[in-house]
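Scroll down for the structure; my scribbles are underneath it.
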Amino acid sequence: MLLRSTPSHRSARVSVTVGGVVLLLPALLLGLLWGVQRGEALPNTVVAGIDASGMTDAEIVAALAAEVEARETDPVTFRFEGEDHVLVPREVGYRVDAQATAEAALARGRQGLPGDIVTRVTALRRSEEIALVERGAEEGVATWVQELADRLDRPEIRGGVTIDPQGPEVVVTASQGEVVVDRTSTTQLATAAIPNPGPDSFDLPAQTTVQPIADEVLEATADQAERALAEPLVLRSDDASLELAPTDLAALLTIDELGRPGAIELELVVPAERVEEQLAEVGAERFDVAPTSASYSASRVPPRTFDAQADATFRPVPANVEVVAGRDGRAFDPELAATQLTELLRAGNREAELRLAEVEADFPTSRAEELQPTHAIGTFTTYYRAGQVRNQNIQLLADVIDGARVLPGEQFSINEISGERSCEKGYQPAGTIVRGELVDTCGGGTSQFGTTTMNAAFFAGVQLDQWRAHSWYISRYPIGREATLSYPVLDVKFTNNTDGAIVVKTAHTSSSVTVTLYGVPRAEAVTARHGSRTQPRSFSTEDRTTSELFEDQERVLQSGSDGFTIQVRRIVDLVTGGTEERTITTTYVPQTRIVERGTRPRPSANDGGDDEDGDDEASEDA
């Protein structure tokens, strides 16, 4: 039986054939492309910006040579304080492997099927950047940064100018600010910059402080200090002078700082403390001149004698009291000298008139004129028998007190002026009341001067502060108006409550002593009024024995006197009008009569012997 092909069968055979051709054609084309591109980079292959399409590995290496050189040598620069610190990548171990990079470029599309087919097809229309194969330099960069930081790191040094007095020598210590390089930030910047094409430049990351003192300030101050110490410096005042050698000046001079770090100024200074320490003693010795207080010149003999024992009135008497001008002094003053020396040494001057402090007198002439006495406001005279030892003590004390000045508000005190009236000062032993009996002590008899002074103050109308009458009444003194002395307890004091100065003048003769107060009157008149004696008390007698007298002899050591009380009224008629009154009550105790009776047997008529009379001289008070 004959079989016949149908159209459907024929069509199937044709399709098979055509399909095989279709599959075979791409394969043939790819094979052809593989063959053509053997050993060459695929199209659109870019390495470091270079089109490496169709290049062999050698050609790629050659094409990369300039780029590799640039990448390995392009510097990374860190700027700091006007200097550049350059890191060269190659020197810290950075490398670009051109051969490995070329091999990476050739490996494109040659990694295996089926991916290579896609890569080779897409390479015909799309480029691909092949990364450079690099060898990093992290360790080398870290080492370079560490070494750089070690060189640049530094502590802050304040610096300054000092003076060594031994030289003398000016010593300059340089000033610098602190620097601490930020190692981490610097390493990061360098590491990131190395792979990038082209040079890179950065400010070095570092923590810094400003230089405390500028170099020009140090230099200028050192020059000024050297000039200051170059030669001696002479200070003068009138006919006195003091030369300070460079070593002396160096011991005085300091360098002080002003301002804040970065704007500090230095200045030469001579502190007052150093002047006090180094020059105070010699400065005072060379330049000090003591001031002289003004004083008053008045007659020791008053214009009127006044010696009333009973009721009496005294009126001020005009008197000529002259002012003796005083003079201000001068003194070496460390503060003034320090300021002047500072000025001189800064300016480089070598000689000057020394500035001295003026020392005003305690009692300047202007004050003396303001308070000048115009009258004898009070005076009094008491008397003694010439030739007595006690008179020497009275006269010596009078000379010590003579000229005493009592300003308004001040208090006059005999004891304060005279001090202890001792034999070492020239006072002689004389009668003094001790426990109700007269005995000889140094300065005995000076109570008469106390009485005289008390009466002068009484009739001057001034404020009476302290006095005490004798224990018993002594007839040579005004009754109820008298005073005794004994250092340091018993004293005569008064306060000057007038408007002027009081000058105490004293005078003495062989038989009298006078105290006069010159001043500005506060009273037109001062009157003393005495009352009658009251409360009488009889004295007693004390008998004693002595072998110094014969049995029928006696000697009166103390005559004895009765005690009593009396009042004295002081009436002050003030120049401003009105009166002041004060009543003084004095109580005298009886003076014991003391009699010594002899116990020595009288010899026979043939033996002869002395006949001593009693001595009543011991009854006199100091």
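Here's how to read the names in the structure tokens: chain A, B, ... by the order shown, residue numbers from 1 in each chain, ligand numbers from 1 in the order shown.
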
*Just the residues within 7 Å of range 287-303 of chain A, please, counting only C-alpha atoms, with nothing from its chain fewer than 6 positions along; format it as a PyMOL selection string.*
chain A and resi 237+240+319-332+359-365+368+505-507+516

_Sel. of alpha helix (DSSP H) residues, range 120-149 of chain A, as a VMD selection string_ = chain A and resid 120 to 122 138 to 149

*Within 10 Å of Glu276 in chain A, counting only C-alpha atoms, which residues qualify if same-chain residues fewer than 5 places away don't, as a list in words?*
Leu252, Pro271, Glu281, Gly283, Phe332, Asp333, Pro334, Glu335, Ala337 and Ala338 of chain A

Write the residues of the preceding selection, restricted to N, CA and C atoms, as a compact mmCIF listing (two decimals), in the first residue's frame.
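This is the output file out-v5.txt:
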```txt
# COMPACT_ATOMS: atom_id res chain seq x y z
N LEU A 252 66.24 94.92 94.41
CA LEU A 252 65.00 95.68 94.58
C LEU A 252 63.99 95.43 93.47
N PRO A 271 58.95 96.98 94.45
CA PRO A 271 57.91 96.91 95.49
C PRO A 271 58.36 97.62 96.77
N GLU A 281 66.57 101.04 106.77
CA GLU A 281 67.50 101.44 107.83
C GLU A 281 68.50 102.48 107.34
N GLY A 283 68.25 104.29 104.65
CA GLY A 283 67.54 105.48 104.19
C GLY A 283 67.20 106.41 105.33
N PHE A 332 62.52 109.08 105.36
CA PHE A 332 62.60 108.13 104.25
C PHE A 332 61.34 107.28 104.27
N ASP A 333 60.62 107.29 103.16
CA ASP A 333 59.35 106.59 103.07
C ASP A 333 59.46 105.49 102.01
N PRO A 334 59.41 104.21 102.41
CA PRO A 334 59.54 103.12 101.42
C PRO A 334 58.53 103.18 100.29
N GLU A 335 57.31 103.62 100.58
CA GLU A 335 56.30 103.71 99.53
C GLU A 335 56.69 104.75 98.48
N ALA A 337 59.70 106.01 97.98
CA ALA A 337 60.95 105.60 97.35
C ALA A 337 60.71 104.52 96.30
N ALA A 338 59.82 103.57 96.60
CA ALA A 338 59.53 102.49 95.65
C ALA A 338 58.93 103.05 94.36
```

For range 388-419 of chain A versus range 441-458 of chain A, which residues have an atom no more than 12 Å away, and what is each residue's nearest atom pair and distance in Å rounded to one decimal, using only C-alpha atoms, chain-then-number order, as JSON lines?
```
{"residue": "A:Gln388", "atom": "CA", "partner": "A:Gly445", "partner_atom": "CA", "distance": 9.8}
{"residue": "A:Val389", "atom": "CA", "partner": "A:Gly445", "partner_atom": "CA", "distance": 8.7}
{"residue": "A:Arg390", "atom": "CA", "partner": "A:Gly445", "partner_atom": "CA", "distance": 5.0}
{"residue": "A:Asn391", "atom": "CA", "partner": "A:Gly445", "partner_atom": "CA", "distance": 7.2}
{"residue": "A:Gln392", "atom": "CA", "partner": "A:Gly445", "partner_atom": "CA", "distance": 8.9}
{"residue": "A:Asn393", "atom": "CA", "partner": "A:Gly443", "partner_atom": "CA", "distance": 5.6}
{"residue": "A:Ile394", "atom": "CA", "partner": "A:Thr446", "partner_atom": "CA", "distance": 4.9}
{"residue": "A:Gln395", "atom": "CA", "partner": "A:Phe449", "partner_atom": "CA", "distance": 8.4}
{"residue": "A:Leu396", "atom": "CA", "partner": "A:Thr446", "partner_atom": "CA", "distance": 9.0}
{"residue": "A:Leu397", "atom": "CA", "partner": "A:Thr446", "partner_atom": "CA", "distance": 7.2}
{"residue": "A:Ala398", "atom": "CA", "partner": "A:Phe449", "partner_atom": "CA", "distance": 7.1}
{"residue": "A:Asp399", "atom": "CA", "partner": "A:Phe449", "partner_atom": "CA", "distance": 10.9}
{"residue": "A:Val400", "atom": "CA", "partner": "A:Phe449", "partner_atom": "CA", "distance": 11.4}
{"residue": "A:Ile401", "atom": "CA", "partner": "A:Phe449", "partner_atom": "CA", "distance": 10.0}
{"residue": "A:Asp402", "atom": "CA", "partner": "A:Thr453", "partner_atom": "CA", "distance": 11.3}
{"residue": "A:Gln411", "atom": "CA", "partner": "A:Ala457", "partner_atom": "CA", "distance": 11.9}
{"residue": "A:Phe412", "atom": "CA", "partner": "A:Ala457", "partner_atom": "CA", "distance": 10.2}
{"residue": "A:Ser413", "atom": "CA", "partner": "A:Gly450", "partner_atom": "CA", "distance": 10.2}
{"residue": "A:Ile414", "atom": "CA", "partner": "A:Gly450", "partner_atom": "CA", "distance": 7.8}
{"residue": "A:Asn415", "atom": "CA", "partner": "A:Gly450", "partner_atom": "CA", "distance": 10.0}
{"residue": "A:Ser418", "atom": "CA", "partner": "A:Gly443", "partner_atom": "CA", "distance": 11.2}
{"residue": "A:Gly419", "atom": "CA", "partner": "A:Gly443", "partner_atom": "CA", "distance": 11.4}
```

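One finds CA of Tyr94 in chain A at 24.2 Å from CA of Ala107 in chain A.
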
For Glu416 in chain A: contacts at 12 Å, only C-alpha atoms, fewer than 5 positions along chain excluded, given as a PDB file with C-alpha atoms, in the first residue's frame:
```
ATOM      1  CA  VAL A 400      61.874 118.962 135.456  1.00  0.00           C
ATOM      2  CA  ILE A 401      58.334 120.353 135.256  1.00  0.00           C
ATOM      3  CA  ALA A 404      55.371 121.609 130.409  1.00  0.00           C
ATOM      4  CA  GLN A 411      45.613 116.315 131.534  1.00  0.00           C
ATOM      5  CA  ARG A 421      61.913 110.616 142.011  1.00  0.00           C
ATOM      6  CA  SER A 486      54.304 109.918 146.347  1.00  0.00           C
ATOM      7  CA  TYR A 487      55.157 108.068 143.148  1.00  0.00           C
ATOM      8  CA  PRO A 488      53.178 106.463 141.612  1.00  0.00           C
ATOM      9  CA  VAL A 489      49.991 106.755 143.689  1.00  0.00           C
ATOM     10  CA  LEU A 490      49.787 110.276 145.079  1.00  0.00           C
ATOM     11  CA  ASP A 491      49.787 112.834 142.316  1.00  0.00           C
ATOM     12  CA  VAL A 492      48.627 116.311 141.364  1.00  0.00           C
ATOM     13  CA  LYS A 493      46.576 116.325 138.150  1.00  0.00           C
TER      14      LYS A 493
END
```

*Apply DSSP to the structure's backbone, then extract all residues of range 408-590 of chain A labelled strand (DSSP E or B) and return them as a ChimeraX atom specification.*
/A:411-413,429-434,437-442,463-466,486,490,493-495,502-508,512-519,523-530,534-537,541-550,554-558,561,563-574,579-588

*Please provide the set of residues having any atom within 10 Å of range 558-570 of chain A, restricted to only C-alpha atoms, with same-chain residues fewer than 3 positions apart removed, written as a PyMOL selection string.*
chain A and resi 310-311+313+437-438+458-459+461+471-474+479-481+526-542+555+573+580-596+615-620

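Nearest residue to Glu138 in chain A, choosing from A:Arg95, A:Arg110, A:Arg405, A:Arg154 and counting only C-alpha atoms: A:Arg95.
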
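Shortest atom-to-atom contact with Leu345 in chain A among A:Glu178, A:Glu226, A:Glu265, A:Glu69: A:Glu226, counting only C-alpha atoms.
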
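The neighbours of Asp307 in chain A here are the residues that come within 9 Å of it, using only C-alpha atoms and leaving out any residue fewer than 5 positions away in the same chain; they are Thr379, Phe380, Thr381, Thr382 and Pro478 of chain A.
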
Write to file, as a short mmCIF file (atom, residue, chain, number, x, y, z; two decimals), in the first residue's frame, the residues of the selection just made, with all heavy atoms.
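Result file result10.cif:
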```
data_model
loop_
_atom_site.label_atom_id
_atom_site.label_comp_id
_atom_site.auth_asym_id
_atom_site.auth_seq_id
_atom_site.Cartn_x
_atom_site.Cartn_y
_atom_site.Cartn_z
N THR A 379 49.02 131.57 139.54
CA THR A 379 50.39 131.47 140.03
C THR A 379 50.34 131.33 141.54
O THR A 379 49.38 131.76 142.19
CB THR A 379 51.24 132.69 139.63
OG1 THR A 379 52.59 132.48 140.04
CG2 THR A 379 50.72 133.97 140.29
N PHE A 380 51.39 130.69 142.09
CA PHE A 380 51.45 130.55 143.55
C PHE A 380 52.89 130.32 143.96
O PHE A 380 53.67 129.70 143.24
CB PHE A 380 50.57 129.40 144.04
CG PHE A 380 50.14 129.56 145.47
CD1 PHE A 380 49.15 130.46 145.81
CD2 PHE A 380 50.76 128.84 146.48
CE1 PHE A 380 48.75 130.63 147.13
CE2 PHE A 380 50.38 128.99 147.80
CZ PHE A 380 49.37 129.89 148.14
N THR A 381 53.20 130.87 145.15
CA THR A 381 54.54 130.74 145.71
C THR A 381 54.45 130.20 147.13
O THR A 381 53.59 130.64 147.92
CB THR A 381 55.26 132.10 145.73
OG1 THR A 381 55.36 132.60 144.38
CG2 THR A 381 56.65 131.98 146.33
N THR A 382 55.30 129.25 147.44
CA THR A 382 55.45 128.77 148.83
C THR A 382 56.90 128.94 149.23
O THR A 382 57.79 129.10 148.39
CB THR A 382 55.02 127.29 148.96
OG1 THR A 382 55.86 126.48 148.12
CG2 THR A 382 53.56 127.10 148.58
N PRO A 478 48.94 126.47 152.78
CA PRO A 478 47.58 127.02 152.97
C PRO A 478 46.65 125.93 153.49
O PRO A 478 46.58 124.83 152.93
CB PRO A 478 47.18 127.47 151.57
CG PRO A 478 48.46 127.62 150.82
CD PRO A 478 49.39 126.58 151.38
#
```

Nearby residues (only C-alpha atoms) at most 7 Å from Pro232 in chain A, same-chain spacing under 2 positions excluded, as a PDB file with C-alpha atoms, in the first residue's frame:
```pdb
ATOM      1  CA  VAL A 234      72.284 107.907  93.055  1.00  0.00           C
ATOM      2  CA  GLU A 243      74.376 105.263  95.810  1.00  0.00           C
ATOM      3  CA  LEU A 244      72.726 102.012  94.760  1.00  0.00           C
ATOM      4  CA  ALA A 245      75.009  99.621  92.875  1.00  0.00           C
ATOM      5  CA  PRO A 246      73.612  97.346  90.127  1.00  0.00           C
ATOM      6  CA  ARG A 350      70.772 107.410  87.040  1.00  0.00           C
TER       7      ARG A 350
END
```

*Quick one: distance from CA of Asp223 in chain A to CA of Ala272 in chain A in Å, one decimal?*
23.5 Å

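You can rank A:Pro165, A:Pro43, A:Gly160, A:Gly259 by their closest distance to Arg125 in chain A using only C-alpha atoms, and at the top of that list sits A:Pro43.
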